[in-house]
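K.L.:
There's a structure below that I have some questions on.
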Amino acid sequence: MKRSPIGSFKAHRFGVYVAAVFLALGIIQLAGSLVFYQLIDRQTLQDDHARRVAELLVVGQRMHKLAPDQMAANMTTRYLAVDVSPAPNVEGSSGDQMLSGIGEDIIAWEPSLAGRPLHLSTSLSDKSSRDLEGSLQLDDGTWLNFVSRDITSMWPVAWRAMVLTTLITAAFLAIGLALLYLVAKPLRSLTDAAERIGQGGKVQVAEMGPRDLWDLAHAMNAMQERIDRILSDQTKSYRAIGHDLRTPLSRLKTISGMIEDKELVGIHDQSVDEMVRLLDSLENYLGAQLLQSDPEEVNLGELLVDVTSRYGEAVTLIGMTNIVIKTFKEPLKRSINALIENAVQFAGSAEVAVRVGKSGYTIDIIDQGPGVDEDQFPSLLEPFFRVDQARQRSTDGFGLGIPTAHILLTRFNGSLKFSRNPCGGLTAHIFVPNSWLSTA
């Protein structure tokens, strides 16, 4: 049966949780790196401006001595505005921590500027960027004023580092998730195998992956072999017992002809027949656990006609269908027959219909009998369960028909459900996938 996306998620949620942890760690690492590079960028920005201002002031002093009238024009560029005035354009340095740091870095770059009055401040330009302004007193008492445009223009340095970090993080996450997928693949296979084994199927688990998973897969294969041997021995034992019991039962049947009391003969023969039917039902139930079948093309309509025809007018096939599917014919046929037999036995008649769904087909077996309470639906799947708890023998059957059908369907990846009819009675729903795939 194909899994729904939700069912698949639940089955493999361990891998999803680990992948989520991988992603969370990667995002945290990336966020930390971005913050780190922003801090580095601020320090780089401050050092760069300090170096440029220090060089400007030293060169400006020298050019002012050589050609004071040309100094401003020669030093002014697209990113730097310079002029000389009797009074400073910046009256005094603010208490800004960044400006104090730039001032200290300027002196560190050019110790010759130590002791000279230097005022620094920032201002907003027309483009809403911050400019660095400053005034330095020259030897003749005049002031060299400068404006270093866009103090935040160093973003490309950190941007390149952050892009590189993002790419590296993404690459490591992809590699980590790929490795996680490869490591979790055996675990997913073990989960699917455990589910199939729980349904009565036999799955050859691939023994691969880390040593612990390899050991687990090997243990599961060995466990299946032991279970298979136990079931096989159990079935053979019951079949041998049944075979041995049939001989004395045949003798009892023969002896009944020697009894003159017809009423006693009737009771005798009825008891013998009941024991034979019990042996047949038990043999079918045990055989369902070991039945082997290969998928084949089956016309679902023809199969239903073949099964229902043996019940005559007691079973009505609603709507003829000409659906051809690839399925396991014998398990499906036995399951349908067991459920129809159960419906006819307890209700006297039954209707069979086929519904088409997205993922497969549903065969409904509807009866108008006394019905079963919904809280007893799970018990219907248990061997020897009878709705009348006192196990009265007023009705035939041994409570093995529905469990036999359930075993066959689950082993071959189908399913069996029940529902109450609005007007009374019980409906058994057999789900047949579009393409049954099983290793049973």
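Scheme for the structure tokens: letters A, B, ... for chains in order shown; per-chain residue numbers from 1; ligand numbers from 1 in order shown.
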Which neighbours of range 336-350 of chain A fall inside 9 Å, counting only C-alpha atoms, when residues of the same chain fewer than 3 positions from it are skipped, and could you give them as a ChimeraX atom specification?
P.N.:
/A:304,307-308,311,313-317,331-333,363,365-371,395-397,400-402,404-405,425-428,430
K.L.:
Restricting it to C-alpha atoms, dump the selection as a short mmCIF file (atom, residue, chain, number, x, y, z; two decimals), in the first residue's frame.
P.N.:
```
data_model
loop_
_atom_site.label_atom_id
_atom_site.label_comp_id
_atom_site.auth_asym_id
_atom_site.auth_seq_id
_atom_site.Cartn_x
_atom_site.Cartn_y
_atom_site.Cartn_z
CA LEU A 304 -15.51 -11.24 -8.70
CA VAL A 307 -16.04 -15.93 -6.66
CA THR A 308 -19.66 -14.82 -6.38
CA TYR A 311 -23.21 -18.53 -4.03
CA GLU A 313 -28.70 -15.67 -5.90
CA ALA A 314 -27.43 -15.13 -2.36
CA VAL A 315 -24.76 -12.74 -3.62
CA THR A 316 -25.44 -9.79 -5.94
CA LEU A 317 -22.63 -8.13 -7.89
CA PRO A 331 -4.57 -14.14 -1.81
CA LEU A 332 -7.16 -11.67 -3.12
CA LYS A 333 -9.50 -14.43 -4.26
CA ILE A 363 -14.20 -3.86 -2.83
CA ILE A 365 -18.97 -6.59 0.73
CA ILE A 366 -22.30 -5.43 2.16
CA ASP A 367 -24.76 -7.47 4.23
CA GLN A 368 -28.00 -6.63 6.00
CA GLY A 369 -27.44 -8.92 8.95
CA PRO A 370 -27.53 -8.10 12.66
CA GLY A 371 -24.32 -6.10 12.35
CA THR A 395 -24.79 -20.56 13.82
CA ASP A 396 -22.04 -22.18 11.86
CA GLY A 397 -18.49 -20.87 11.69
CA LEU A 400 -11.47 -17.93 11.40
CA GLY A 401 -12.81 -16.56 8.09
CA ILE A 402 -12.24 -12.85 8.74
CA THR A 404 -7.74 -15.49 7.45
CA ALA A 405 -8.74 -12.70 5.04
CA GLY A 425 -25.69 -4.83 8.81
CA LEU A 426 -21.95 -4.77 8.24
CA THR A 427 -19.76 -3.72 5.32
CA ALA A 428 -16.26 -5.09 4.84
CA ILE A 430 -11.07 -4.56 0.98
#
```
K.L.:
Run DSSP on the backbone and grab whatever in range 108-255 of chain A lands in alpha helix (DSSP H); send it over as an MDAnalysis selection string.
P.N.:
chainID A and resid 108:109 155:198 211:255
K.L.:
Measuring between only C-alpha atoms, which one of A:Gly242, A:Pro422, A:Pro248, A:Pro210 shows the shortest distance to Leu282 in chain A?
P.N.:
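Answer, going by the shortest atom-to-atom distance: A:Gly242.
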K.L.:
May I have the residues within 12 Å of Asp96 in chain A as a PDB file with N, CA and C atoms, in the first residue's frame, using only C-alpha atoms and disregarding those fewer than 3 positions away in the same chain?
P.N.:
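In the end it all went to result_36.pdb:
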```pdb
ATOM      1  N   GLY A  92      34.983  71.546  17.381  1.00  0.00           N
ATOM      2  CA  GLY A  92      35.545  70.675  18.399  1.00  0.00           C
ATOM      3  C   GLY A  92      35.104  69.241  18.172  1.00  0.00           C
ATOM      4  N   SER A  93      35.849  68.289  18.733  1.00  0.00           N
ATOM      5  CA  SER A  93      35.520  66.875  18.566  1.00  0.00           C
ATOM      6  C   SER A  93      34.381  66.487  19.500  1.00  0.00           C
ATOM      7  N   LEU A  99      34.650  58.257  16.580  1.00  0.00           N
ATOM      8  CA  LEU A  99      35.520  59.375  16.217  1.00  0.00           C
ATOM      9  C   LEU A  99      36.757  59.405  17.110  1.00  0.00           C
ATOM     10  N   SER A 100      36.571  59.097  18.372  1.00  0.00           N
ATOM     11  CA  SER A 100      37.729  59.047  19.277  1.00  0.00           C
ATOM     12  C   SER A 100      38.699  57.969  18.825  1.00  0.00           C
ATOM     13  N   GLY A 101      38.155  56.830  18.391  1.00  0.00           N
ATOM     14  CA  GLY A 101      39.006  55.754  17.900  1.00  0.00           C
ATOM     15  C   GLY A 101      39.739  56.135  16.632  1.00  0.00           C
ATOM     16  N   ILE A 102      39.046  56.814  15.717  1.00  0.00           N
ATOM     17  CA  ILE A 102      39.707  57.258  14.482  1.00  0.00           C
ATOM     18  C   ILE A 102      40.820  58.256  14.806  1.00  0.00           C
ATOM     19  N   GLY A 103      40.559  59.182  15.758  1.00  0.00           N
ATOM     20  CA  GLY A 103      41.579  60.145  16.143  1.00  0.00           C
ATOM     21  C   GLY A 103      42.823  59.462  16.701  1.00  0.00           C
ATOM     22  N   HIS A 119      40.114  68.331  15.153  1.00  0.00           N
ATOM     23  CA  HIS A 119      38.693  68.199  15.484  1.00  0.00           C
ATOM     24  C   HIS A 119      38.022  67.291  14.456  1.00  0.00           C
ATOM     25  N   LEU A 120      37.216  66.357  14.931  1.00  0.00           N
ATOM     26  CA  LEU A 120      36.530  65.420  14.043  1.00  0.00           C
ATOM     27  C   LEU A 120      35.042  65.378  14.367  1.00  0.00           C
ATOM     28  N   SER A 121      34.243  65.181  13.305  1.00  0.00           N
ATOM     29  CA  SER A 121      32.801  65.023  13.485  1.00  0.00           C
ATOM     30  C   SER A 121      32.243  64.300  12.250  1.00  0.00           C
ATOM     31  N   THR A 122      30.986  63.951  12.311  1.00  0.00           N
ATOM     32  CA  THR A 122      30.325  63.321  11.159  1.00  0.00           C
ATOM     33  C   THR A 122      29.088  64.125  10.791  1.00  0.00           C
TER      34      THR A 122
END
```
K.L.:
Got a sec: who's within 12 Å of Asp139 in chain A, counting only C-alpha atoms, leaving out chain neighbours fewer than 3 positions off, as number ranges by chain?
P.N.:
A: 58, 60-62, 64-65, 113, 115-117, 136, 142-144
K.L.:
From the options A:Gly141, A:Thr169, A:Ile241, A:Gln204, which residue's atoms come nearest to Gly32 in chain A, counting only C-alpha atoms?
P.N.:
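The shortest atom-to-atom distance to Gly32 in chain A comes from A:Thr169.
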K.L.:
In Å, rounded to a single decimal, give me how far CA of Pro86 in chain A is from CA of Arg52 in chain A.
P.N.:
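Taking CA of Arg52 in chain A and CA of Pro86 in chain A, their separation equals 23.4 Å.
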K.L.:
Can you tell me which residues surround Phe146 in chain A at a distance of at most 8 Å, considering only C-alpha atoms, apart from same-chain residues fewer than 2 positions away, and format the answer as a short mmCIF file (atom, residue, chain, number, x, y, z; two decimals) with N, CA and C atoms, in the first residue's frame?
P.N.:
```
data_model
loop_
_atom_site.label_atom_id
_atom_site.label_comp_id
_atom_site.auth_asym_id
_atom_site.auth_seq_id
_atom_site.Cartn_x
_atom_site.Cartn_y
_atom_site.Cartn_z
N LEU A 80 36.98 63.14 -1.62
CA LEU A 80 37.63 63.96 -0.60
C LEU A 80 37.53 65.44 -0.99
N ALA A 81 37.09 66.26 -0.06
CA ALA A 81 37.01 67.71 -0.26
C ALA A 81 37.96 68.39 0.74
N VAL A 82 38.81 69.27 0.25
CA VAL A 82 39.83 69.91 1.10
C VAL A 82 39.79 71.43 0.87
N ASP A 83 39.95 72.18 1.95
CA ASP A 83 40.11 73.63 1.84
C ASP A 83 40.86 74.12 3.06
N GLU A 133 34.10 64.58 8.77
CA GLU A 133 34.61 65.95 8.65
C GLU A 133 35.68 66.18 9.70
N GLY A 134 36.64 67.03 9.35
CA GLY A 134 37.70 67.31 10.30
C GLY A 134 38.43 68.61 10.01
N SER A 135 39.09 69.11 11.02
CA SER A 135 39.89 70.33 10.90
C SER A 135 41.18 70.14 11.67
N LEU A 144 43.35 73.36 8.14
CA LEU A 144 43.11 72.49 6.98
C LEU A 144 41.82 71.72 7.27
N SER A 148 35.76 63.57 4.24
CA SER A 148 35.92 62.24 3.63
C SER A 148 34.52 61.65 3.46
#
```
K.L.:
Please report, as a PyMOL selection string, each residue of range 291-398 of chain A to which DSSP assigns strand (DSSP E or B) when run on this structure's backbone.
P.N.:
chain A and resi 296-299+315-318+324-327+350-356+360-366
K.L.:
Excluding same-chain residues fewer than 6 positions from range 298-302 of chain A, what lies within 7 Å of it counting only C-alpha atoms, as a PDB file with N, CA and C atoms, in the first residue's frame?
P.N.:
```
ATOM      1  N   MET A 320     -20.940  -4.077 -13.169  1.00  0.00           N
ATOM      2  CA  MET A 320     -19.886  -4.897 -13.743  1.00  0.00           C
ATOM      3  C   MET A 320     -18.677  -4.018 -14.030  1.00  0.00           C
ATOM      4  N   THR A 321     -17.520  -4.540 -13.793  1.00  0.00           N
ATOM      5  CA  THR A 321     -16.301  -3.764 -14.022  1.00  0.00           C
ATOM      6  C   THR A 321     -15.316  -4.572 -14.847  1.00  0.00           C
ATOM      7  N   ASN A 322     -14.566  -3.879 -15.657  1.00  0.00           N
ATOM      8  CA  ASN A 322     -13.577  -4.549 -16.514  1.00  0.00           C
ATOM      9  C   ASN A 322     -12.185  -3.986 -16.215  1.00  0.00           C
ATOM     10  N   ILE A 323     -11.883  -3.901 -14.918  1.00  0.00           N
ATOM     11  CA  ILE A 323     -10.608  -3.322 -14.478  1.00  0.00           C
ATOM     12  C   ILE A 323      -9.541  -4.405 -14.449  1.00  0.00           C
ATOM     13  N   VAL A 324      -8.424  -4.122 -15.110  1.00  0.00           N
ATOM     14  CA  VAL A 324      -7.289  -5.056 -15.101  1.00  0.00           C
ATOM     15  C   VAL A 324      -6.186  -4.454 -14.234  1.00  0.00           C
ATOM     16  N   ILE A 325      -5.789  -5.174 -13.204  1.00  0.00           N
ATOM     17  CA  ILE A 325      -4.749  -4.697 -12.289  1.00  0.00           C
ATOM     18  C   ILE A 325      -3.693  -5.780 -12.132  1.00  0.00           C
ATOM     19  N   LYS A 326      -2.544  -5.344 -11.670  1.00  0.00           N
ATOM     20  CA  LYS A 326      -1.482  -6.284 -11.359  1.00  0.00           C
ATOM     21  C   LYS A 326      -1.542  -6.566  -9.862  1.00  0.00           C
ATOM     22  N   THR A 327      -1.875  -7.787  -9.518  1.00  0.00           N
ATOM     23  CA  THR A 327      -2.099  -8.111  -8.116  1.00  0.00           C
ATOM     24  C   THR A 327      -1.753  -9.571  -7.856  1.00  0.00           C
ATOM     25  N   LYS A 329      -3.299 -12.795  -7.235  1.00  0.00           N
ATOM     26  CA  LYS A 329      -4.637 -13.315  -7.496  1.00  0.00           C
ATOM     27  C   LYS A 329      -5.137 -14.227  -6.391  1.00  0.00           C
TER      28      LYS A 329
END
```
